[in-house]
Structures are given as C-alpha cells and as structure tokens.
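**Q** The structure that follows is given in the form of structure tokens.
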Number of protein chains: 2
Amino acid sequence: MNTSIIFNVLGGLLRFLGLVMVIPLLVAVYYSDPLLPFAAAVVITGSLGILLSRRYGAEGEWKIKEGFAIVAFGWLSVAIFGAIPYLFDGISPINAFFESMSGFTTTGATILQDIESHSKSILFWRSMTQWLGGMGIIMIFIAILPKLGVAGRQLFRAEAPGPTEDKLKPRIRGTARILWTVYVFISVIEVVLLKLAGMSLYDAVTHTFTTMSTGGFSPYGTGIAEFNSPLIEGIIVVFMFIAGANFALHYQVLYVDHNSFIKDNEFKFYTAIILIATTILTFSLWRDMGQSVETAFRYAIFQVLSIITTTGYASADFDIWSDSARIVLMALMFIGGCAGSTAGGVKVVRILLLLKYGRNVLFKSLHPKAIKPVKYNGKAVPESIMHSIVSFVVIYMMIFAISTGILALMGMDLISSITASIATLGNIGPGFNAVGPMANFDVVPDLGKLLLIANMWIGRLEVFTVIVMLTPEFWKR
Amino acid sequence: MNTSIIFNVLGGLLRFLGLVMVIPLLVAVYYSDPLLPFAAAVVITGSLGILLSRRYGAEGEWKIKEGFAIVAFGWLSVAIFGAIPYLFDGISPINAFFESMSGFTTTGATILQDIESHSKSILFWRSMTQWLGGMGIIMIFIAILPKLGVAGRQLFRAEAPGPTEDKLKPRIRGTARILWTVYVFISVIEVVLLKLAGMSLYDAVTHTFTTMSTGGFSPYGTGIAEFNSPLIEGIIVVFMFIAGANFALHYQVLYVDHNSFIKDNEFKFYTAIILIATTILTFSLWRDMGQSVETAFRYAIFQVLSIITTTGYASADFDIWSDSARIVLMALMFIGGCAGSTAGGVKVVRILLLLKYGRNVLFKSLHPKAIKPVKYNGKAVPESIMHSIVSFVVIYMMIFAISTGILALMGMDLISSITASIATLGNIGPGFNAVGPMANFDVVPDLGKLLLIANMWIGRLEVFTVIVMLTPEFWKR
C-alpha cells in the first residue's frame, strides 16, 4: 500500500479542517465566548496538517486500497480533531469524540445533557460539523465511492452529471465542484427563508447547517419544538425532503431537464413512501393520541421526513407517541434517504431494487425460462450491482444485530438497544426510550459509546469502506 | 390450470385426514370423553374427501401452477377440516381455525385460555395435528417444493437420498417413504425415552408429537415447566436438536455414511449458532437473574433449542427474563432450523449462504477481477439459487414488517406486535409480552388472528408457494 499518499491526503484534509475552524473562532469573538477552544483547535489541527503534507509526498497513484484507507481514516481523523473544541469546553474525551463523530457523520445523536448551557460558538461549531460532513458525503458518494465500486454505487456514477458532458475537467474535482455549488445554493435559500419566517440569523444558519446535511443537531434541547411554528416546520420539511433526495438529480433538474424528478424511479418511490407513512402516522396520531387531523398531520409529516431523511429533528416528543405511531417511525429508520443525498440508512434505491428483484424471482418461479432483468430508470441493472446491494444489506443487518445484542448485554433495554443501534448505524440521531428525542446518549456506558461511534462511522461510509479493512486480504502485501 | 387434478388430490388428502381422525376417536373412547367431536369430524371430512376424489379424475399431469395450488390449498383445507373437533368442543370458529392452523403448520401458538380444562382426546388431537404437519412438511420440502424450484430448494434436492440410488421407485413416493420411516423411527425412540424418564404414556406420546414436529403444543398450560425434570428437559433438548436438522441428513447418517454430520456445512453452522447462543444466554441469566451457572445453563440450552428449532416449548417463563436474554432469543427467532427439517423460520442454510455471499463481495471489492463462487458443501452454488434465497429473505422481511405494522395499528404494543409476527411467520409459537409463553394469542383481535393465521400458512409453505398465487401471472389463462 502507498502509505505516503494516504498521509499526504490526510494532511491536506486536516489543513482544510484547521482553516474552517477559523469560522467558529470568529463566531466566538462576535459573541465574546472563550476563544481558547477554537484557537487551540486551529493551531493543533492546522500545524499537524501542514506537517503531514510536507513530510509525505503525493507521488504515485491511488489504487483501490488507498482509496478505502483515505476515505475511512480521513473521516476518522476529522472526527478526532473536530473534537478538540469540545475538550477545551470541559467535555470528557469519549463524549467529545462521540459528539464530533455524530456531527461529521451527520448522525445527530448527542451526549450533551444540558445543550443550552454550552456557548453559542460551541453550538455553532457543532452544527457546522454536520454541514461539513454533508459536503464530504456528497463528495465521497458521487465522486470517490463509485470509483471504488462500493455497493452499487456504479449505478449512480453513470448518472452523476458533469464528467460525461465535460471531459476536460479532472473527473472528481469537476463533479464535486458542481454538486457543492448546488449544496451551497440550496443552503443559502433555506437560511433566507428561515430568517423570513422569524428565526434569528444564528438560528437560521445553524438549523440550515443541520437540515441540509440531514444531521439534526439543534442548539436547543427541545429541537424544533422550541419554535412551535408551523411555518418554520413547513420550511424545514421541504428542505429535509430536498436534502434526502439525490443531489445529482437536483443538478439535473436545475440545469439540464426540469422533468428529471418525474423520470427518476428512486425519487418517485421515496415520495411514495413519505406519502404512505405520513397518512398512516396521521391516522394513528389522530386515533390513539386524540389529536385533531390538522395537528396530527403537522406532526406526522415532520417526523416522517425527519426520520426517513435520517435528520432526526423532533417537533414533538415522538417517544411518548402510541406504539403504532412509533412502529411507523421504526420502519422508516431501516429505509433512509436517496443515494447521492446527505441522508444515511440503507437508501431507498437499494430497497427498491431488492423489491423489484423479489418480484422478478416470483415471476420466474412461474415462468422458469423467462429472461427478465431488473430494470432501474429504464435500464437493466447489471448482476454485479444486485450482488453488492444484497451483500450491503446482509452486512448492514448483521452489524445492526450484533450492536443490538452487545448493548442489551451491557444492560440497556430492548427498545433502546434496537433503536440506538439503528439510529447510529443509519446516521439518524435519536431513538426511543433511553435514547429518545428528548433524552440523550450519555446514559450509554463508555464501551457502548465506542460501539455507537463505530456504528456511525461504518454506517456513514456505506459499510464496505470500513468493513473491507477488517478482512485479512486488505492487509496482505 | 388443471383444476380437476387439484380437487382430486385435495380429495385424497381429506380422505386420509378423515381416516387418521379415527385415532383421536379411539383415544376419546379410552378416556370416556365425548365422542361427537371426532365422530363428526371423521364423517364430514371423510365423506367430502371421497366425494371429491370420485367426482374429479386424476387425468393429466402436474405442472408448476398445479403444484403450487395443491400445496397451498392442501394445507389450508387440512387446517379447516382439522378444526372440526375444536368446534364441537365449544371453541369459536376463528379460534378453532387458529388452533388448527397453528397445529398443522407446527407453529404452536395457542388461543386456549385454560388448556387443562379441555378433554384429553382434544389435547391429543391438538398434539397429533403437529406430528401430521411435520410429516407433511418433510414430504413437501424434500419431495415437492424442489420440483417447483422454490427458494433454493434445488440445492437440497440433489442431496435428498433415495431417488438417485434407486431409479425404479417413483421419485416423490420413494423419497417420502424413506424420510417418513426415519421420522417414525426417531419418534418411537423418543416416546420410549420419555416414558423411561417418568412420563405417562399419554404425556410421552403427545410431547413426542410436538417435539419431532418442532410444534411445541403441550397438554399443560405451563408447558415443559410442568414436569420440572432436568432429565426430561435433556431428552427433549436432544430430540429438538434432531428435529431441527435435515431429515435427509439423518437418513444419510443412519444408512449411508456415519460421518455425514461432520461434512455438512449447514449442520455445523446450526451447531455453532446453538453453542454460541447458549453460552451468551447462560452468561446473561447468570449475571442478570442471579441464577447459578448450572441452572442458567439448563434453562439456556433448553430455550435456545426451543426457539431456534421453532418448537416454542417453555421450561421457564422466558418472557420475564432480562432484556439481554430476551434479545438473544429474539435473534434466534429470525434464524430457524435447518432446511429439510420440520422447523420453520428463514433456515440456517439461507443465513449461511447470505453470509458467504457478503464475504465474497467484500473480497471482490478488493480484487475486482477475481472469480470466486459461493461454495456450499464443497460445490459452487448456482446464481439462480442465490437469487431465490435473496428474494425469499426480502419477501419474508416485508411480510414481517407489514404484519408488525398492522398489529401495532390494531393497538398491540411494539414488542408484542414484533414477536407475534415473527413467532407465527417463523412457525415458532409464543412471543413476548402479550403473547409470551405463559400467555396466549386470544388477546389478539379477530382480524389480527386472521392475519396471524395467514402468517403461519405463508411461513410454513416457504413464502413463495402462497405469495406466487397473489401475482396476476398466476391466474393468467
């Protein structure tokens, strides 16, 4: 393995991280918060970054193994160094690491007991890590992972805009730049709308950070319930919906073909799931919780979007809802958003293709000689992609089961163990019971926190990227 | 579709059912119980059977569609007519149907509130339906379903003994006769051992019926806890273990090669899962429930075997165990026994092949050009079999999720909804909470009972057999 190039890229990443940490430093100056957390973070991260990229050259080329190592260790390093401000804020090392990993993986699970007791700049940084994480994900998903052939990503590579139309730009940079533009552009619109709806600029920016990245951190302990405004909830619903859809598709709609939404199988299925789940949840809240249809619908659509896009915001304490309502949310936790979005989870396209696959086999059991490939957006899906999707889901469910088992053995109750596992592996944020939306993950024992940190990291990097490094083949020669 | 042959076979089946119902009639005579329930059942079932097989000829041949229809409707008819004795015993129609379906599918979920209040002959019939169901399953799994190419059964067809060695016998009859001999032979041994261990002949026979079929009905409300005998539990553990393994493999071990056990991938994996789960469960009972290591091991190994083989016996009220213990059992509920056994569930071989498949894709992500098929018992597994396994699991999990959702909407709590669904779909029997081992399924609303009846039927027939009839293609021309 070419370790030199790995350290070189990690160095570049840390240099960039050190640089952007200047932003919360300025926020701290503005609010007269203590400056030490960010000053120290900028100096430590930046200087280590400079050291690494000077020491190690970028000679040679990336091969598959280097690609996996860079993605996995890159995310890990950023989470470690992004935790420095929390450390100086008096948070314990394991909790700081947890909060930072939860930020950069856009999970949104928190260990902070009394969120409002922390300074505005710390909470700003906390939201910003999610926005940076979201940016990184778009980069990784649409530009790097497809090159590594991870879990059916090849399918989406073909659809990523840019490179196919403009062969002059180096592939990764070009694609990434276009998608970041889309990401920043939509973010700015959300800030403006939230400001117009009555939020302060600080609230508008921090909530945009965590909506667009489907992260779900909020500077308030009660989350979006803090504002109790249907208008704000409505705006956030729309932007969660956008953030949970494929950014390459947004690009196409904006710049290529306005009808792309209607033609995309995944987008249509994503919308259908949301509509069905919202209907059932509205019914359930209306019947079991005695709410009016309007109120039930308001809470239902917000929470459906929040969970399926793996944002994890709460506009109400959904943990005290009836079991039929909670089960709708639990089912959504296993789906997740669209591929190429900032959302986590298994992803709608994988679920859709698995269902089509099952339907196909059913058809073939009646017509054994029929040849009928699974189709996606009008094209036949290659067998190799179906393989990687299947093994993705198998490994995903195995990690989920093992994690649930370990948490239960540590003494957590069944529902908390199940939902803490899926909420971190799917990068959602809160679960039910002990880790519900109005509770926090500090109740988990330290070893359990490490497990959940690993879940967030593994889930965010589409499982394979991390798991492949556990195979002996990876370390051979 | 050749409907004549379908009715002809159904007629034959009902004639056979009417005939075997003479056995509980004799039991009723012996115990001076009311004779009407069985006399009526024999007359109604037998005469309808004779009528059908006289009216409809057996001309023409079975094709795929006829095969599916015979298997699915055959099971359904037997469950309906097998409910007649319960009706005459004063049980409501829906409950009688539930209990009968639970019997013939070897599920073991019960709606009886006070089991001991029913006559000995009724409880004998209840246990006997499971033994008959187990016989039917072996027939269907090893002789019929492989012909229909259901969900990877082709893999096991190659291994079924008999036909390949003796081409003279008609295939299905020959295979079935050999396996029934094994089934009856092992059953007789169990009766003898249970009798020697101190059970009455009645108890020994009824418990053998429900061990060998992995059914789990017991004439006692407290199940195996009634006897409180480590020896009896030990004997049942051994026979549950045998009943949960492949009967074709038992035949090979008995008559062909005594070392077949060691060579069989599925059997080894089945044993490994049992050992690991027993260890974890023993630890958990010892630590959380303050039991001695010996007692913990005694309850652990019994319950692990009871759940993984989908028998569903209880030697203790496992629903009041700690959450870490319950989660081990819940994980086992999703596995089930070996293919070609009387057990239900997803089956060990499918889980094993999915894991191997995942491992393979992981390997390929590092070596994209490597060719490395999934191997099972030393042979490469054809792609078409992997396909059917994958879609089996997808459809299975979907039915599980939908069933859980519907039960929760009917007002059942989360854990009860989840475990009632998997316990019926996997043909296990009891779940947790409202449907725990010392409770019963009568708390489920009537519509929910119908859903669970469908689950048992669908799960027992390996999903496809029933689901395929829901596709429009099935009914075309």
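If you're wondering about the labels, chains in the structure tokens are A, B, ... by order shown, residues count from 1 in each chain, ligands from 1 in order shown.
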Near segment 236-249 of chain A, within 8 Å and counting only C-alpha atoms, which residues show up once chain neighbours fewer than 3 positions away are dropped, as a PDB file with N, CA and C atoms, in the first residue's frame?
**A**
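Listing of selection26.pdb after writing:
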ATOM      1  N   ILE A 138     -21.306  14.116   0.004  1.00  0.00           N
ATOM      2  CA  ILE A 138     -21.650  14.291  -1.411  1.00  0.00           C
ATOM      3  C   ILE A 138     -20.418  14.017  -2.262  1.00  0.00           C
ATOM      4  N   ILE A 142     -20.557  10.642  -4.574  1.00  0.00           N
ATOM      5  CA  ILE A 142     -20.778  10.798  -6.007  1.00  0.00           C
ATOM      6  C   ILE A 142     -19.457  10.767  -6.753  1.00  0.00           C
ATOM      7  N   GLU A 159     -24.955   8.349 -13.579  1.00  0.00           N
ATOM      8  CA  GLU A 159     -25.917   9.430 -13.598  1.00  0.00           C
ATOM      9  C   GLU A 159     -25.367  10.742 -13.049  1.00  0.00           C
ATOM     10  N   ALA A 160     -24.195  10.673 -12.426  1.00  0.00           N
ATOM     11  CA  ALA A 160     -23.635  11.905 -11.897  1.00  0.00           C
ATOM     12  C   ALA A 160     -23.351  12.828 -13.082  1.00  0.00           C
ATOM     13  N   PRO A 161     -23.737  14.079 -12.952  1.00  0.00           N
ATOM     14  CA  PRO A 161     -23.597  14.981 -14.094  1.00  0.00           C
ATOM     15  C   PRO A 161     -22.157  15.459 -14.190  1.00  0.00           C
ATOM     16  N   LEU A 179     -21.562  19.796  -7.542  1.00  0.00           N
ATOM     17  CA  LEU A 179     -22.517  19.392  -6.518  1.00  0.00           C
ATOM     18  C   LEU A 179     -22.428  20.282  -5.292  1.00  0.00           C
ATOM     19  N   VAL A 182     -24.476  23.296  -5.868  1.00  0.00           N
ATOM     20  CA  VAL A 182     -25.891  23.030  -5.627  1.00  0.00           C
ATOM     21  C   VAL A 182     -26.181  23.051  -4.124  1.00  0.00           C
ATOM     22  N   TYR A 183     -25.307  22.380  -3.367  1.00  0.00           N
ATOM     23  CA  TYR A 183     -25.464  22.275  -1.904  1.00  0.00           C
ATOM     24  C   TYR A 183     -25.464  23.666  -1.264  1.00  0.00           C
ATOM     25  N   GLU A 190     -32.372  28.303   2.087  1.00  0.00           N
ATOM     26  CA  GLU A 190     -33.014  27.917   3.346  1.00  0.00           C
ATOM     27  C   GLU A 190     -32.756  28.948   4.442  1.00  0.00           C
ATOM     28  N   THR A 211     -30.133  20.883   8.633  1.00  0.00           N
ATOM     29  CA  THR A 211     -31.171  20.355   7.742  1.00  0.00           C
ATOM     30  C   THR A 211     -30.529  19.833   6.467  1.00  0.00           C
ATOM     31  N   MET A 212     -29.708  20.667   5.847  1.00  0.00           N
ATOM     32  CA  MET A 212     -29.144  20.318   4.546  1.00  0.00           C
ATOM     33  C   MET A 212     -28.261  19.078   4.619  1.00  0.00           C
ATOM     34  N   SER A 213     -27.651  18.867   5.788  1.00  0.00           N
ATOM     35  CA  SER A 213     -26.784  17.706   5.950  1.00  0.00           C
ATOM     36  C   SER A 213     -27.575  16.527   6.501  1.00  0.00           C
ATOM     37  N   THR A 214     -28.892  16.684   6.699  1.00  0.00           N
ATOM     38  CA  THR A 214     -29.745  15.697   7.372  1.00  0.00           C
ATOM     39  C   THR A 214     -29.102  15.233   8.677  1.00  0.00           C
ATOM     40  N   ILE A 232     -42.153  27.510  10.256  1.00  0.00           N
ATOM     41  CA  ILE A 232     -40.763  27.039  10.327  1.00  0.00           C
ATOM     42  C   ILE A 232     -40.712  25.534  10.082  1.00  0.00           C
ATOM     43  N   GLU A 233     -41.623  24.818  10.692  1.00  0.00           N
ATOM     44  CA  GLU A 233     -41.652  23.369  10.467  1.00  0.00           C
ATOM     45  C   GLU A 233     -41.865  23.052   8.988  1.00  0.00           C
ATOM     46  N   GLN A 252     -29.466  18.006 -12.170  1.00  0.00           N
ATOM     47  CA  GLN A 252     -30.120  17.774 -13.461  1.00  0.00           C
ATOM     48  C   GLN A 252     -31.390  18.599 -13.603  1.00  0.00           C
ATOM     49  N   VAL A 253     -32.168  18.642 -12.509  1.00  0.00           N
ATOM     50  CA  VAL A 253     -33.421  19.395 -12.569  1.00  0.00           C
ATOM     51  C   VAL A 253     -33.138  20.879 -12.770  1.00  0.00           C
ATOM     52  N   SER A 260     -36.686  15.840 -14.716  1.00  0.00           N
ATOM     53  CA  SER A 260     -35.913  14.691 -14.244  1.00  0.00           C
ATOM     54  C   SER A 260     -36.551  14.036 -13.021  1.00  0.00           C
ATOM     55  N   PHE A 261     -37.165  14.837 -12.142  1.00  0.00           N
ATOM     56  CA  PHE A 261     -37.797  14.281 -10.941  1.00  0.00           C
ATOM     57  C   PHE A 261     -38.797  13.188 -11.296  1.00  0.00           C
ATOM     58  N   PHE A 267     -36.622   8.595  -6.830  1.00  0.00           N
ATOM     59  CA  PHE A 267     -37.298   9.776  -6.312  1.00  0.00           C
ATOM     60  C   PHE A 267     -38.796   9.520  -6.158  1.00  0.00           C
ATOM     61  N   ILE A 301     -46.105  14.577   9.256  1.00  0.00           N
ATOM     62  CA  ILE A 301     -45.267  14.819   8.080  1.00  0.00           C
ATOM     63  C   ILE A 301     -43.876  15.267   8.508  1.00  0.00           C
ATOM     64  N   PHE A 302     -43.802  16.067   9.586  1.00  0.00           N
ATOM     65  CA  PHE A 302     -42.484  16.494  10.046  1.00  0.00           C
ATOM     66  C   PHE A 302     -41.655  15.294  10.483  1.00  0.00           C
ATOM     67  N   LEU A 305     -40.558  12.872   7.587  1.00  0.00           N
ATOM     68  CA  LEU A 305     -39.429  13.426   6.843  1.00  0.00           C
ATOM     69  C   LEU A 305     -38.156  13.387   7.672  1.00  0.00           C
ATOM     70  N   SER A 306     -38.291  13.735   8.949  1.00  0.00           N
ATOM     71  CA  SER A 306     -37.127  13.796   9.822  1.00  0.00           C
ATOM     72  C   SER A 306     -36.477  12.425   9.966  1.00  0.00           C
ATOM     73  N   ILE A 308     -37.071   9.516   7.852  1.00  0.00           N
ATOM     74  CA  ILE A 308     -36.656   8.858   6.601  1.00  0.00           C
ATOM     75  C   ILE A 308     -35.422   9.536   6.015  1.00  0.00           C
ATOM     76  N   THR A 309     -35.299  10.844   6.182  1.00  0.00           N
ATOM     77  CA  THR A 309     -34.093  11.512   5.676  1.00  0.00           C
ATOM     78  C   THR A 309     -32.949  11.369   6.672  1.00  0.00           C
ATOM     79  N   THR A 311     -32.551  12.801   9.410  1.00  0.00           N
ATOM     80  CA  THR A 311     -32.179  14.054  10.072  1.00  0.00           C
ATOM     81  C   THR A 311     -32.248  13.860  11.587  1.00  0.00           C
ATOM     82  N   GLY A 337     -32.676   7.781   3.281  1.00  0.00           N
ATOM     83  CA  GLY A 337     -32.959   8.652   2.143  1.00  0.00           C
ATOM     84  C   GLY A 337     -32.494   8.066   0.819  1.00  0.00           C
ATOM     85  N   CYS A 338     -32.362   8.934  -0.173  1.00  0.00           N
ATOM     86  CA  CYS A 338     -31.942   8.500  -1.507  1.00  0.00           C
ATOM     87  C   CYS A 338     -30.419   8.415  -1.586  1.00  0.00           C
ATOM     88  N   ALA A 339     -29.929   7.632  -2.525  1.00  0.00           N
ATOM     89  CA  ALA A 339     -28.498   7.599  -2.785  1.00  0.00           C
ATOM     90  C   ALA A 339     -28.074   8.967  -3.322  1.00  0.00           C
ATOM     91  N   GLY A 340     -26.830   9.353  -3.038  1.00  0.00           N
ATOM     92  CA  GLY A 340     -26.345  10.634  -3.543  1.00  0.00           C
ATOM     93  C   GLY A 340     -26.920  11.820  -2.798  1.00  0.00           C
ATOM     94  N   SER A 341     -27.622  11.563  -1.679  1.00  0.00           N
ATOM     95  CA  SER A 341     -28.096  12.648  -0.822  1.00  0.00           C
ATOM     96  C   SER A 341     -27.167  12.720   0.376  1.00  0.00           C
ATOM     97  N   THR A 342     -27.482  13.591   1.331  1.00  0.00           N
ATOM     98  CA  THR A 342     -26.682  13.607   2.549  1.00  0.00           C
ATOM     99  C   THR A 342     -27.265  12.655   3.585  1.00  0.00           C
ATOM    100  N   ALA A 343     -28.374  11.980   3.253  1.00  0.00           N
ATOM    101  CA  ALA A 343     -29.035  11.086   4.210  1.00  0.00           C
ATOM    102  C   ALA A 343     -28.261   9.782   4.397  1.00  0.00           C
TER     103      ALA A 343
END
**Q** Given a cut-off of 9 Å, which residues of chain B touch chain A, counting only C-alpha atoms, written out as a PyMOL selection string?
**A** chain B and resi 64-65+148-151+280+284+288+322-328+331+354-355+357-363+365-368+387-388+390-395+401+404-415+464+467-468+471+473-474
**Q** Env of Trp75 of chain B: 10 Å cut, atoms = only C-alpha atoms, seq-sep filter 3 positions within chain, self excluded. Answer as a count of residues only.
**A** 18
**Q** To one decimal place in Å, what is the distance between atom CA of Leu329 of chain A and atom CA of Ile307 of chain A?
**A**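 Between these atoms lies a distance of 6.6 Å.
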**Q** Give the helix (DSSP H, G or I) residues of segment 185-234 of chain A, as assigned by DSSP on the backbone, as a PyMOL selection string.
**A** chain A and resi 185-196+201-212+223-226+230-234
**Q** Write a file of the just-selected residues containing C-alpha atoms, as a JSON list (two decimals), in the first residue's frame.
**A**
[["chain", "number", "residue", "atom", "x", "y", "z"],
["A", 185, "PHE", "CA", -27.05, 27.37, -3.30],
["A", 186, "ILE", "CA", -29.90, 25.45, -1.65],
["A", 187, "SER", "CA", -28.44, 26.16, 1.80],
["A", 188, "VAL", "CA", -28.47, 29.90, 1.18],
["A", 189, "ILE", "CA", -32.12, 29.76, 0.14],
["A", 190, "GLU", "CA", -33.01, 27.92, 3.35],
["A", 191, "VAL", "CA", -31.20, 30.46, 5.54],
["A", 192, "VAL", "CA", -33.12, 33.29, 3.87],
["A", 193, "LEU", "CA", -36.49, 31.55, 4.23],
["A", 194, "LEU", "CA", -35.93, 30.60, 7.89],
["A", 195, "LYS", "CA", -34.87, 34.20, 8.62],
["A", 196, "LEU", "CA", -38.03, 35.49, 6.92],
["A", 201, "LEU", "CA", -29.75, 34.70, 11.82],
["A", 202, "TYR", "CA", -27.87, 32.43, 14.26],
["A", 203, "ASP", "CA", -30.80, 30.01, 14.45],
["A", 204, "ALA", "CA", -31.40, 30.15, 10.71],
["A", 205, "VAL", "CA", -27.77, 29.32, 9.91],
["A", 206, "THR", "CA", -27.32, 26.58, 12.50],
["A", 207, "HIS", "CA", -30.60, 24.91, 11.52],
["A", 208, "THR", "CA", -29.80, 25.17, 7.83],
["A", 209, "PHE", "CA", -26.45, 23.51, 8.56],
["A", 210, "THR", "CA", -28.22, 20.58, 10.16],
["A", 211, "THR", "CA", -31.17, 20.36, 7.74],
["A", 212, "MET", "CA", -29.14, 20.32, 4.55],
["A", 223, "GLY", "CA", -35.13, 20.77, 18.98],
["A", 224, "ILE", "CA", -37.61, 22.24, 16.54],
["A", 225, "ALA", "CA", -40.35, 22.08, 19.18],
["A", 226, "GLU", "CA", -38.56, 25.14, 20.65],
["A", 230, "PRO", "CA", -45.96, 25.57, 11.70],
["A", 231, "LEU", "CA", -44.30, 27.86, 9.15],
["A", 232, "ILE", "CA", -40.76, 27.04, 10.33],
["A", 233, "GLU", "CA", -41.65, 23.37, 10.47],
["A", 234, "GLY", "CA", -43.05, 23.59, 6.94]]
**Q** List the spatial neighbours of Ile458 of chain A as JSON, numbers by chain - criterion: any atom at most 7 Å away, only C-alpha atoms, same-chain residues fewer than 5 positions off excluded.
**A** {"A": [425, 463, 466]}
**Q** Restricting the output to N, CA and C atoms, write the selected residues as an mmCIF file, in the first residue's frame.
**A**
data_model
loop_
_atom_site.group_PDB
_atom_site.id
_atom_site.type_symbol
_atom_site.label_atom_id
_atom_site.label_comp_id
_atom_site.auth_asym_id
_atom_site.auth_seq_id
_atom_site.Cartn_x
_atom_site.Cartn_y
_atom_site.Cartn_z
ATOM 1 N N LEU A 425 -26.212 3.555 13.267
ATOM 2 C CA LEU A 425 -25.779 2.922 12.016
ATOM 3 C C LEU A 425 -26.420 3.610 10.811
ATOM 4 N N VAL A 463 -20.756 1.127 4.943
ATOM 5 C CA VAL A 463 -20.388 -0.177 5.484
ATOM 6 C C VAL A 463 -19.096 -0.768 4.898
ATOM 7 N N VAL A 466 -15.374 0.584 5.538
ATOM 8 C CA VAL A 466 -14.722 0.277 6.801
ATOM 9 C C VAL A 466 -14.519 -1.243 6.943
#
**Q** Determine the nearest neighbour of Gly12 of chain B from the options B:Gly431, B:Gly448, B:Gly49, B:Pro37, counting only C-alpha atoms.
**A**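 Of all the options, B:Gly49 lies closest to Gly12 of chain B.
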